[in-house]
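Have a look at input04.tsv; it's TSV, N, CA and C atoms:
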```tsv
chain	number	residue	atom	x	y	z
A	1	THR	N	0.83	-1.20	0.00
A	1	THR	CA	0.00	0.00	0.00
A	1	THR	C	0.87	1.25	0.00
A	2	VAL	N	1.90	1.24	0.83
A	2	VAL	CA	2.81	2.39	0.87
A	2	VAL	C	3.48	2.58	-0.49
A	3	LEU	N	3.93	1.48	-1.09
A	3	LEU	CA	4.58	1.59	-2.39
A	3	LEU	C	3.62	2.13	-3.46
A	4	ASP	N	2.35	1.84	-3.33
A	4	ASP	CA	1.38	2.33	-4.29
A	4	ASP	C	1.07	3.82	-4.07
A	5	LEU	N	1.28	4.33	-2.86
A	5	LEU	CA	0.96	5.72	-2.55
A	5	LEU	C	2.16	6.66	-2.58
A	6	VAL	N	3.37	6.13	-2.51
A	6	VAL	CA	4.55	6.97	-2.34
A	6	VAL	C	4.72	7.98	-3.49
A	7	HIS	N	4.29	7.64	-4.69
A	7	HIS	CA	4.45	8.58	-5.81
A	7	HIS	C	3.60	9.84	-5.65
A	8	LEU	N	2.64	9.82	-4.71
A	8	LEU	CA	1.81	11.00	-4.48
A	8	LEU	C	2.55	12.09	-3.71
A	9	ASP	N	3.72	11.78	-3.19
A	9	ASP	CA	4.48	12.72	-2.38
A	9	ASP	C	5.20	13.73	-3.26
A	10	LYS	N	4.40	14.47	-4.01
A	10	LYS	CA	4.92	15.54	-4.87
A	10	LYS	C	3.79	16.52	-5.11
A	11	PRO	N	4.10	17.76	-5.39
A	11	PRO	CA	3.05	18.76	-5.61
A	11	PRO	C	2.40	18.61	-6.98
A	12	GLY	N	1.24	19.27	-7.12
A	12	GLY	CA	0.64	19.39	-8.43
A	12	GLY	C	-0.52	18.46	-8.74
A	13	HIS	N	-1.20	17.95	-7.75
A	13	HIS	CA	-2.35	17.09	-8.01
A	13	HIS	C	-3.57	17.95	-8.32
A	14	GLU	N	-4.23	17.65	-9.43
A	14	GLU	CA	-5.38	18.46	-9.87
A	14	GLU	C	-6.58	18.30	-8.95
A	15	ASP	N	-6.88	17.10	-8.52
A	15	ASP	CA	-8.04	16.81	-7.69
A	15	ASP	C	-7.60	15.92	-6.54
A	16	PRO	N	-6.93	16.50	-5.53
A	16	PRO	CA	-6.27	15.69	-4.51
A	16	PRO	C	-7.18	14.74	-3.75
A	17	ALA	N	-8.41	15.13	-3.45
A	17	ALA	CA	-9.31	14.24	-2.71
A	17	ALA	C	-9.60	12.98	-3.50
A	18	ASN	N	-9.89	13.14	-4.78
A	18	ASN	CA	-10.17	11.97	-5.61
A	18	ASN	C	-8.90	11.19	-5.93
A	19	VAL	N	-7.79	11.87	-6.11
A	19	VAL	CA	-6.53	11.18	-6.38
A	19	VAL	C	-6.18	10.26	-5.21
A	20	LEU	N	-6.29	10.76	-4.00
A	20	LEU	CA	-5.96	9.97	-2.82
A	20	LEU	C	-6.89	8.77	-2.70
A	21	ALA	N	-8.17	8.98	-2.82
A	21	ALA	CA	-9.14	7.87	-2.73
A	21	ALA	C	-8.91	6.85	-3.84
A	22	ASP	N	-8.66	7.32	-5.06
A	22	ASP	CA	-8.43	6.41	-6.19
A	22	ASP	C	-7.19	5.56	-5.98
A	23	GLU	N	-6.13	6.17	-5.47
A	23	GLU	CA	-4.88	5.43	-5.25
A	23	GLU	C	-5.03	4.40	-4.14
A	24	ILE	N	-5.78	4.74	-3.11
A	24	ILE	CA	-6.01	3.76	-2.04
A	24	ILE	C	-6.88	2.62	-2.56
A	25	GLN	N	-7.85	2.93	-3.41
A	25	GLN	CA	-8.68	1.87	-4.01
A	25	GLN	C	-7.82	1.00	-4.92
A	26	ALA	N	-6.86	1.59	-5.62
A	26	ALA	CA	-5.95	0.80	-6.46
A	26	ALA	C	-5.11	-0.13	-5.61
A	27	ALA	N	-4.63	0.35	-4.47
A	27	ALA	CA	-3.88	-0.50	-3.55
A	27	ALA	C	-4.76	-1.64	-3.06
A	28	ASN	N	-6.02	-1.36	-2.81
A	28	ASN	CA	-6.96	-2.40	-2.39
A	28	ASN	C	-7.07	-3.48	-3.46
A	29	SER	N	-7.16	-3.08	-4.71
A	29	SER	CA	-7.25	-4.05	-5.81
A	29	SER	C	-6.00	-4.92	-5.89
A	30	ILE	N	-4.85	-4.30	-5.71
A	30	ILE	CA	-3.59	-5.05	-5.75
A	30	ILE	C	-3.56	-6.08	-4.63
A	31	LEU	N	-3.91	-5.66	-3.42
A	31	LEU	CA	-3.91	-6.58	-2.28
A	31	LEU	C	-4.91	-7.71	-2.47
A	32	SER	N	-6.09	-7.38	-2.98
A	32	SER	CA	-7.10	-8.42	-3.23
A	32	SER	C	-6.59	-9.42	-4.25
A	33	GLY	N	-5.94	-8.92	-5.29
A	33	GLY	CA	-5.39	-9.80	-6.32
A	33	GLY	C	-4.31	-10.71	-5.79
A	34	LEU	N	-3.46	-10.19	-4.92
A	34	LEU	CA	-2.41	-11.01	-4.32
A	34	LEU	C	-3.01	-12.15	-3.51
A	35	GLY	N	-4.08	-11.86	-2.79
A	35	GLY	CA	-4.73	-12.89	-2.00
A	35	GLY	C	-5.36	-13.98	-2.84
A	36	LYS	N	-5.81	-13.61	-4.04
A	36	LYS	CA	-6.44	-14.59	-4.93
A	36	LYS	C	-5.41	-15.45	-5.66
A	37	THR	N	-4.26	-14.88	-5.96
A	37	THR	CA	-3.25	-15.62	-6.74
A	37	THR	C	-2.29	-16.42	-5.88
A	38	SER	N	-2.18	-16.08	-4.61
A	38	SER	CA	-1.26	-16.79	-3.72
A	38	SER	C	-2.02	-17.24	-2.47
A	39	PRO	N	-2.30	-18.53	-2.34
A	39	PRO	CA	-3.05	-19.02	-1.19
A	39	PRO	C	-2.44	-18.63	0.16
A	40	MET	N	-1.12	-18.48	0.21
A	40	MET	CA	-0.48	-18.08	1.47
A	40	MET	C	-0.88	-16.67	1.89
A	41	LEU	N	-1.32	-15.85	0.94
A	41	LEU	CA	-1.69	-14.47	1.24
A	41	LEU	C	-3.20	-14.27	1.37
A	42	ALA	N	-3.97	-15.33	1.21
A	42	ALA	CA	-5.43	-15.23	1.32
A	42	ALA	C	-5.81	-14.70	2.70
A	43	GLY	N	-6.71	-13.77	2.73
A	43	GLY	CA	-7.15	-13.17	3.99
A	43	GLY	C	-6.28	-12.02	4.46
A	44	MET	N	-5.24	-11.71	3.70
A	44	MET	CA	-4.34	-10.61	4.05
A	44	MET	C	-5.06	-9.27	3.87
A	45	GLY	N	-4.78	-8.37	4.76
A	45	GLY	CA	-5.34	-7.03	4.64
A	45	GLY	C	-4.46	-6.04	5.38
A	46	THR	N	-4.79	-4.77	5.24
A	46	THR	CA	-4.03	-3.74	5.94
A	46	THR	C	-4.93	-2.55	6.22
A	47	THR	N	-4.50	-1.75	7.14
A	47	THR	CA	-5.18	-0.49	7.41
A	47	THR	C	-4.41	0.61	6.70
A	48	ALA	N	-5.02	1.76	6.55
A	48	ALA	CA	-4.33	2.89	5.92
A	48	ALA	C	-4.89	4.20	6.47
A	49	THR	N	-4.00	5.08	6.77
A	49	THR	CA	-4.34	6.45	7.13
A	49	THR	C	-3.39	7.33	6.33
A	50	ALA	N	-3.93	8.13	5.44
A	50	ALA	CA	-3.08	8.89	4.52
A	50	ALA	C	-3.55	10.34	4.43
A	51	LEU	N	-2.58	11.22	4.28
A	51	LEU	CA	-2.83	12.65	4.10
A	51	LEU	C	-2.15	13.11	2.82
A	52	LEU	N	-2.80	14.01	2.12
A	52	LEU	CA	-2.21	14.59	0.92
A	52	LEU	C	-2.39	16.10	1.01
A	53	LEU	N	-1.27	16.82	1.02
A	53	LEU	CA	-1.29	18.28	1.12
A	53	LEU	C	-1.36	18.88	-0.27
A	54	HIS	N	-2.31	19.80	-0.46
A	54	HIS	CA	-2.47	20.46	-1.74
A	54	HIS	C	-2.96	21.88	-1.50
A	55	ASP	N	-2.17	22.86	-1.92
A	55	ASP	CA	-2.53	24.28	-1.78
A	55	ASP	C	-2.94	24.63	-0.35
A	56	GLY	N	-2.19	24.12	0.63
A	56	GLY	CA	-2.46	24.46	2.02
A	56	GLY	C	-3.62	23.70	2.65
A	57	VAL	N	-4.19	22.75	1.94
A	57	VAL	CA	-5.30	21.96	2.45
A	57	VAL	C	-4.87	20.50	2.54
A	58	LEU	N	-5.16	19.85	3.67
A	58	LEU	CA	-4.88	18.43	3.83
A	58	LEU	C	-6.10	17.61	3.44
A	59	GLU	N	-5.91	16.71	2.51
A	59	GLU	CA	-6.94	15.73	2.18
A	59	GLU	C	-6.62	14.51	3.03
A	60	PHE	N	-7.63	13.86	3.54
A	60	PHE	CA	-7.46	12.80	4.52
A	60	PHE	C	-8.28	11.59	4.09
A	61	ALA	N	-7.68	10.41	4.16
A	61	ALA	CA	-8.38	9.16	3.88
A	61	ALA	C	-7.97	8.14	4.93
A	62	HIS	N	-8.93	7.33	5.35
A	62	HIS	CA	-8.67	6.41	6.45
A	62	HIS	C	-9.54	5.16	6.31
A	63	ILE	N	-8.93	4.02	6.62
A	63	ILE	CA	-9.68	2.76	6.72
A	63	ILE	C	-8.94	1.87	7.71
A	64	GLY	N	-9.69	1.18	8.54
A	64	GLY	CA	-9.10	0.28	9.52
A	64	GLY	C	-9.01	0.91	10.89
A	65	ASP	N	-8.00	0.51	11.66
A	65	ASP	CA	-7.89	1.02	13.03
A	65	ASP	C	-6.60	1.80	13.28
A	66	SER	N	-5.92	2.20	12.23
A	66	SER	CA	-4.79	3.12	12.41
A	66	SER	C	-5.35	4.46	12.86
A	67	ARG	N	-4.53	5.26	13.47
A	67	ARG	CA	-5.02	6.53	14.01
A	67	ARG	C	-4.32	7.72	13.37
A	68	ALA	N	-5.07	8.80	13.22
A	68	ALA	CA	-4.52	10.09	12.80
A	68	ALA	C	-4.84	11.09	13.90
A	69	TYR	N	-3.85	11.92	14.20
A	69	TYR	CA	-4.01	12.95	15.22
A	69	TYR	C	-3.60	14.30	14.66
A	70	ARG	N	-4.20	15.34	15.20
A	70	ARG	CA	-3.83	16.71	14.86
A	70	ARG	C	-3.21	17.35	16.10
A	71	LEU	N	-2.09	18.02	15.89
A	71	LEU	CA	-1.46	18.78	16.96
A	71	LEU	C	-1.75	20.25	16.70
A	72	LYS	N	-2.49	20.86	17.61
A	72	LYS	CA	-2.85	22.27	17.45
A	72	LYS	C	-2.74	22.94	18.82
A	73	ASN	N	-1.97	24.02	18.85
A	73	ASN	CA	-1.75	24.76	20.09
A	73	ASN	C	-1.28	23.86	21.23
A	74	GLY	N	-0.41	22.91	20.91
A	74	GLY	CA	0.16	22.04	21.91
A	74	GLY	C	-0.75	20.91	22.38
A	75	VAL	N	-1.89	20.73	21.71
A	75	VAL	CA	-2.85	19.70	22.12
A	75	VAL	C	-3.07	18.71	20.98
A	76	PHE	N	-2.95	17.41	21.30
A	76	PHE	CA	-3.23	16.36	20.32
A	76	PHE	C	-4.72	16.05	20.34
A	77	GLU	N	-5.29	15.93	19.15
A	77	GLU	CA	-6.71	15.57	19.02
A	77	GLU	C	-6.81	14.43	18.00
A	78	GLN	N	-7.47	13.35	18.38
A	78	GLN	CA	-7.65	12.24	17.44
A	78	GLN	C	-8.69	12.65	16.40
A	79	VAL	N	-8.35	12.48	15.11
A	79	VAL	CA	-9.26	12.89	14.04
A	79	VAL	C	-9.79	11.71	13.24
A	80	SER	N	-9.29	10.52	13.52
A	80	SER	CA	-9.82	9.34	12.85
A	80	SER	C	-10.55	8.48	13.87
A	81	LYS	N	-11.43	7.64	13.37
A	81	LYS	CA	-12.15	6.72	14.22
A	81	LYS	C	-11.95	5.32	13.66
A	82	GLY	N	-11.65	4.37	14.52
A	82	GLY	CA	-11.39	3.01	14.07
A	82	GLY	C	-12.61	2.34	13.48
A	83	HIS	N	-12.38	1.53	12.48
A	83	HIS	CA	-13.45	0.75	11.85
A	83	HIS	C	-13.46	-0.66	12.45
A	84	THR	N	-13.73	-0.72	13.74
A	84	THR	CA	-13.72	-1.99	14.45
A	84	THR	C	-15.14	-2.35	14.89
A	85	PHE	N	-15.30	-3.62	15.23
A	85	PHE	CA	-16.57	-4.11	15.75
A	85	PHE	C	-16.96	-3.36	17.02
A	86	VAL	N	-15.98	-3.16	17.91
A	86	VAL	CA	-16.26	-2.49	19.17
A	86	VAL	C	-16.65	-1.03	18.95
A	87	GLN	N	-16.02	-0.36	17.98
A	87	GLN	CA	-16.38	1.03	17.70
A	87	GLN	C	-17.82	1.12	17.21
A	88	ARG	N	-18.25	0.14	16.43
A	88	ARG	CA	-19.66	0.11	16.01
A	88	ARG	C	-20.59	-0.02	17.21
A	89	LEU	N	-20.20	-0.84	18.17
A	89	LEU	CA	-21.01	-0.98	19.39
A	89	LEU	C	-21.06	0.33	20.16
A	90	ILE	N	-19.93	1.02	20.25
A	90	ILE	CA	-19.89	2.31	20.93
A	90	ILE	C	-20.77	3.32	20.19
A	91	ASP	N	-20.59	3.41	18.87
A	91	ASP	CA	-21.37	4.36	18.07
A	91	ASP	C	-22.87	4.09	18.17
A	92	GLY	N	-23.24	2.82	18.32
A	92	GLY	CA	-24.65	2.45	18.43
A	92	GLY	C	-25.19	2.55	19.84
A	93	GLY	N	-24.35	2.97	20.79
A	93	GLY	CA	-24.79	3.15	22.16
A	93	GLY	C	-24.91	1.84	22.94
A	94	ARG	N	-24.34	0.76	22.40
A	94	ARG	CA	-24.45	-0.54	23.07
A	94	ARG	C	-23.24	-0.88	23.92
A	95	LEU	N	-22.22	-0.01	23.90
A	95	LEU	CA	-21.01	-0.25	24.67
A	95	LEU	C	-20.42	1.10	25.07
A	96	ARG	N	-19.94	1.19	26.30
A	96	ARG	CA	-19.28	2.42	26.75
A	96	ARG	C	-17.81	2.37	26.32
A	97	PRO	N	-17.21	3.52	25.98
A	97	PRO	CA	-15.80	3.54	25.55
A	97	PRO	C	-14.85	2.85	26.52
A	98	GLU	N	-15.07	3.01	27.81
A	98	GLU	CA	-14.18	2.38	28.78
A	98	GLU	C	-14.29	0.86	28.77
A	99	GLU	N	-15.40	0.32	28.29
A	99	GLU	CA	-15.56	-1.13	28.17
A	99	GLU	C	-14.82	-1.68	26.95
A	100	ALA	N	-14.57	-0.84	25.98
A	100	ALA	CA	-13.94	-1.27	24.73
A	100	ALA	C	-12.54	-1.83	24.95
A	101	ALA	N	-11.81	-1.27	25.88
A	101	ALA	CA	-10.42	-1.68	26.11
A	101	ALA	C	-10.29	-3.14	26.55
A	102	VAL	N	-11.35	-3.70	27.12
A	102	VAL	CA	-11.29	-5.08	27.60
A	102	VAL	C	-12.25	-6.01	26.87
A	103	HIS	N	-12.93	-5.49	25.87
A	103	HIS	CA	-13.89	-6.31	25.13
A	103	HIS	C	-13.14	-7.40	24.36
A	104	PRO	N	-13.66	-8.65	24.37
A	104	PRO	CA	-12.94	-9.74	23.69
A	104	PRO	C	-12.81	-9.58	22.17
A	105	HIS	N	-13.63	-8.72	21.56
A	105	HIS	CA	-13.56	-8.52	20.11
A	105	HIS	C	-13.06	-7.12	19.74
A	106	ARG	N	-12.26	-6.52	20.63
A	106	ARG	CA	-11.82	-5.14	20.42
A	106	ARG	C	-10.93	-4.95	19.20
A	107	ILE	N	-10.29	-6.01	18.72
A	107	ILE	CA	-9.38	-5.86	17.57
A	107	ILE	C	-9.98	-6.38	16.27
A	108	VAL	N	-11.24	-6.73	16.28
A	108	VAL	CA	-11.89	-7.23	15.07
A	108	VAL	C	-12.19	-6.05	14.16
A	109	LEU	N	-11.57	-6.06	12.98
A	109	LEU	CA	-11.75	-4.97	12.02
A	109	LEU	C	-12.96	-5.24	11.12
A	110	MET	N	-13.72	-4.20	10.87
A	110	MET	CA	-14.88	-4.30	10.00
A	110	MET	C	-14.58	-3.82	8.58
A	111	ARG	N	-13.56	-2.99	8.45
A	111	ARG	CA	-13.15	-2.48	7.13
A	111	ARG	C	-11.63	-2.44	7.05
A	112	VAL	N	-11.08	-3.04	5.99
A	112	VAL	CA	-9.64	-3.01	5.73
A	112	VAL	C	-9.42	-3.03	4.23
A	113	LEU	N	-8.20	-2.73	3.83
A	113	LEU	CA	-7.83	-2.89	2.43
A	113	LEU	C	-7.42	-4.34	2.20
A	114	GLY	N	-7.75	-4.86	1.02
A	114	GLY	CA	-7.37	-6.21	0.66
A	114	GLY	C	-8.41	-7.24	1.02
A	115	ASP	N	-9.45	-6.83	1.69
A	115	ASP	CA	-10.52	-7.73	2.09
A	115	ASP	C	-11.41	-8.03	0.89
A	116	VAL	N	-12.53	-8.66	1.13
A	116	VAL	CA	-13.42	-9.07	0.03
A	116	VAL	C	-14.10	-7.90	-0.66
A	117	ASP	N	-14.17	-6.75	-0.01
A	117	ASP	CA	-14.88	-5.60	-0.58
A	117	ASP	C	-14.05	-4.98	-1.71
A	118	ALA	N	-14.59	-4.97	-2.91
A	118	ALA	CA	-13.87	-4.45	-4.08
A	118	ALA	C	-13.68	-2.94	-3.99
A	119	SER	N	-14.57	-2.24	-3.26
A	119	SER	CA	-14.48	-0.80	-3.14
A	119	SER	C	-14.84	-0.39	-1.70
A	120	PRO	N	-13.93	-0.62	-0.77
A	120	PRO	CA	-14.25	-0.34	0.63
A	120	PRO	C	-14.46	1.15	0.90
A	121	GLU	N	-15.31	1.43	1.84
A	121	GLU	CA	-15.60	2.82	2.21
A	121	GLU	C	-14.45	3.38	3.02
A	122	LEU	N	-13.89	4.50	2.55
A	122	LEU	CA	-12.79	5.17	3.28
A	122	LEU	C	-13.38	6.20	4.21
```
Go ahead and express the file in the form of structure tokens.
Amino acid sequence: TVLDLVHLDKPGHEDPANVLADEIQAANSILSGLGKTSPMLAGMGTTATALLLHDGVLEFAHIGDSRAYRLKNGVFEQVSKGHTFVQRLIDGGRLRPEEAAVHPHRIVLMRVLGDVDASPEL
């Protein structure tokens, strides 16, 4: 995934939001293909949190449980939310955040790159 995105680290993208999303979707296709052609890689997936700076604006894309933070005025603020089973329970009001740390399914990912979804939601 990193190798598929590294070429974006240069100025001059015409539509940075779509470029970033398209490149992450391309990485997803590559990972899915690897899993289909090599049985040892079946079920492989990864998370991604990526930023693309263009004309002073950061475009942001995220999938999985990696985290992105913003540092502003000496304070860190989490700006991404994990795509985990437990986070869905929290968002639905069925689990308190403090319960998530000890929940037996806290690391179960609901969205990743390379999974069965041909076009995962970022």
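Across the model, the gap from atom C of A:Met44 to atom CA of A:Asp117 is 11.4 Å.
Near A:Leu5, within 12 Å and counting only C-alpha atoms, sit Thr1, Val2, Leu3, His7, Leu8, Asp9, Lys10, Val19, Leu20, Ala21, Asp22, Glu23, Ile24, Gln25, Ala26, Ala27, Asn28, Ala48, Thr49, Ala50, Leu51, Leu52 and Ala61 of chain A; same-chain residues fewer than 2 positions away were not included.
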- All strand (DSSP E or B) residues (DSSP, backbone) inside stretch 3-90 of chain A, as a list in words: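 Selecting the strand (DSSP E or B) positions of stretch 3-90 of chain A gives Thr46, Ala48, Thr49, Ala50, Leu51, Leu52, Leu53, His54, Val57, Leu58, Glu59, Phe60, Ala61, His62, Ile63, Tyr69, Arg70, Leu71, Lys72, Val75, Phe76, Glu77, Gln78 and Thr84 of chain A.
If you measure from each of A:Gly114, A:Leu58, A:Gly12, A:Thr84 to A:Ile30 using only N, CA and C atoms, the closest one turns out to be A:Gly114.
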- Item | Non-local contacts of A:Gly64 (9 Å; only C-alpha atoms; under 6 positions in same chain excluded) as an MDAnalysis selection string | chainID A and resid 46:49 81:84 109:113 122
Given the selection you just returned, output its residues as a file containing N, CA and C atoms, formatted as a PDB file, keeping the file's coordinate frame.
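Generated output (part_25.pdb):
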```pdb
ATOM      1  N   THR A  46      -4.790  -4.770   5.240  1.00  0.00           N
ATOM      2  CA  THR A  46      -4.030  -3.740   5.940  1.00  0.00           C
ATOM      3  C   THR A  46      -4.930  -2.550   6.220  1.00  0.00           C
ATOM      4  N   THR A  47      -4.500  -1.750   7.140  1.00  0.00           N
ATOM      5  CA  THR A  47      -5.180  -0.490   7.410  1.00  0.00           C
ATOM      6  C   THR A  47      -4.410   0.610   6.700  1.00  0.00           C
ATOM      7  N   ALA A  48      -5.020   1.760   6.550  1.00  0.00           N
ATOM      8  CA  ALA A  48      -4.330   2.890   5.920  1.00  0.00           C
ATOM      9  C   ALA A  48      -4.890   4.200   6.470  1.00  0.00           C
ATOM     10  N   THR A  49      -4.000   5.080   6.770  1.00  0.00           N
ATOM     11  CA  THR A  49      -4.340   6.450   7.130  1.00  0.00           C
ATOM     12  C   THR A  49      -3.390   7.330   6.330  1.00  0.00           C
ATOM     13  N   LYS A  81     -11.430   7.640  13.370  1.00  0.00           N
ATOM     14  CA  LYS A  81     -12.150   6.720  14.220  1.00  0.00           C
ATOM     15  C   LYS A  81     -11.950   5.320  13.660  1.00  0.00           C
ATOM     16  N   GLY A  82     -11.650   4.370  14.520  1.00  0.00           N
ATOM     17  CA  GLY A  82     -11.390   3.010  14.070  1.00  0.00           C
ATOM     18  C   GLY A  82     -12.610   2.340  13.480  1.00  0.00           C
ATOM     19  N   HIS A  83     -12.380   1.530  12.480  1.00  0.00           N
ATOM     20  CA  HIS A  83     -13.450   0.750  11.850  1.00  0.00           C
ATOM     21  C   HIS A  83     -13.460  -0.660  12.450  1.00  0.00           C
ATOM     22  N   THR A  84     -13.730  -0.720  13.740  1.00  0.00           N
ATOM     23  CA  THR A  84     -13.720  -1.990  14.450  1.00  0.00           C
ATOM     24  C   THR A  84     -15.140  -2.350  14.890  1.00  0.00           C
ATOM     25  N   LEU A 109     -11.570  -6.060  12.980  1.00  0.00           N
ATOM     26  CA  LEU A 109     -11.750  -4.970  12.020  1.00  0.00           C
ATOM     27  C   LEU A 109     -12.960  -5.240  11.120  1.00  0.00           C
ATOM     28  N   MET A 110     -13.720  -4.200  10.870  1.00  0.00           N
ATOM     29  CA  MET A 110     -14.880  -4.300  10.000  1.00  0.00           C
ATOM     30  C   MET A 110     -14.580  -3.820   8.580  1.00  0.00           C
ATOM     31  N   ARG A 111     -13.560  -2.990   8.450  1.00  0.00           N
ATOM     32  CA  ARG A 111     -13.150  -2.480   7.130  1.00  0.00           C
ATOM     33  C   ARG A 111     -11.630  -2.440   7.050  1.00  0.00           C
ATOM     34  N   VAL A 112     -11.080  -3.040   5.990  1.00  0.00           N
ATOM     35  CA  VAL A 112      -9.640  -3.010   5.730  1.00  0.00           C
ATOM     36  C   VAL A 112      -9.420  -3.030   4.230  1.00  0.00           C
ATOM     37  N   LEU A 113      -8.200  -2.730   3.830  1.00  0.00           N
ATOM     38  CA  LEU A 113      -7.830  -2.890   2.430  1.00  0.00           C
ATOM     39  C   LEU A 113      -7.420  -4.340   2.200  1.00  0.00           C
ATOM     40  N   LEU A 122     -13.890   4.500   2.550  1.00  0.00           N
ATOM     41  CA  LEU A 122     -12.790   5.170   3.280  1.00  0.00           C
ATOM     42  C   LEU A 122     -13.380   6.200   4.210  1.00  0.00           C
TER      43      LEU A 122
END
```
- Task: Any chance you could list, as a PyMOL selection string, the residues in chain A that come up alpha helix (DSSP H) when DSSP is run on the backbone?
- Result: chain A and resi 2-5+16-37+85-91+97-100
- Item | Who sits within 6 Å of A:Ser80, only N, CA and C atoms, same chain under 6 positions skipped, as JSON, numbers by chain | {"A": [67, 68, 69]}
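Counting only C-alpha atoms, the residue from A:Leu41, A:Val102, A:Ile63, A:Leu71 that sits nearest to A:Val86 is A:Val102.
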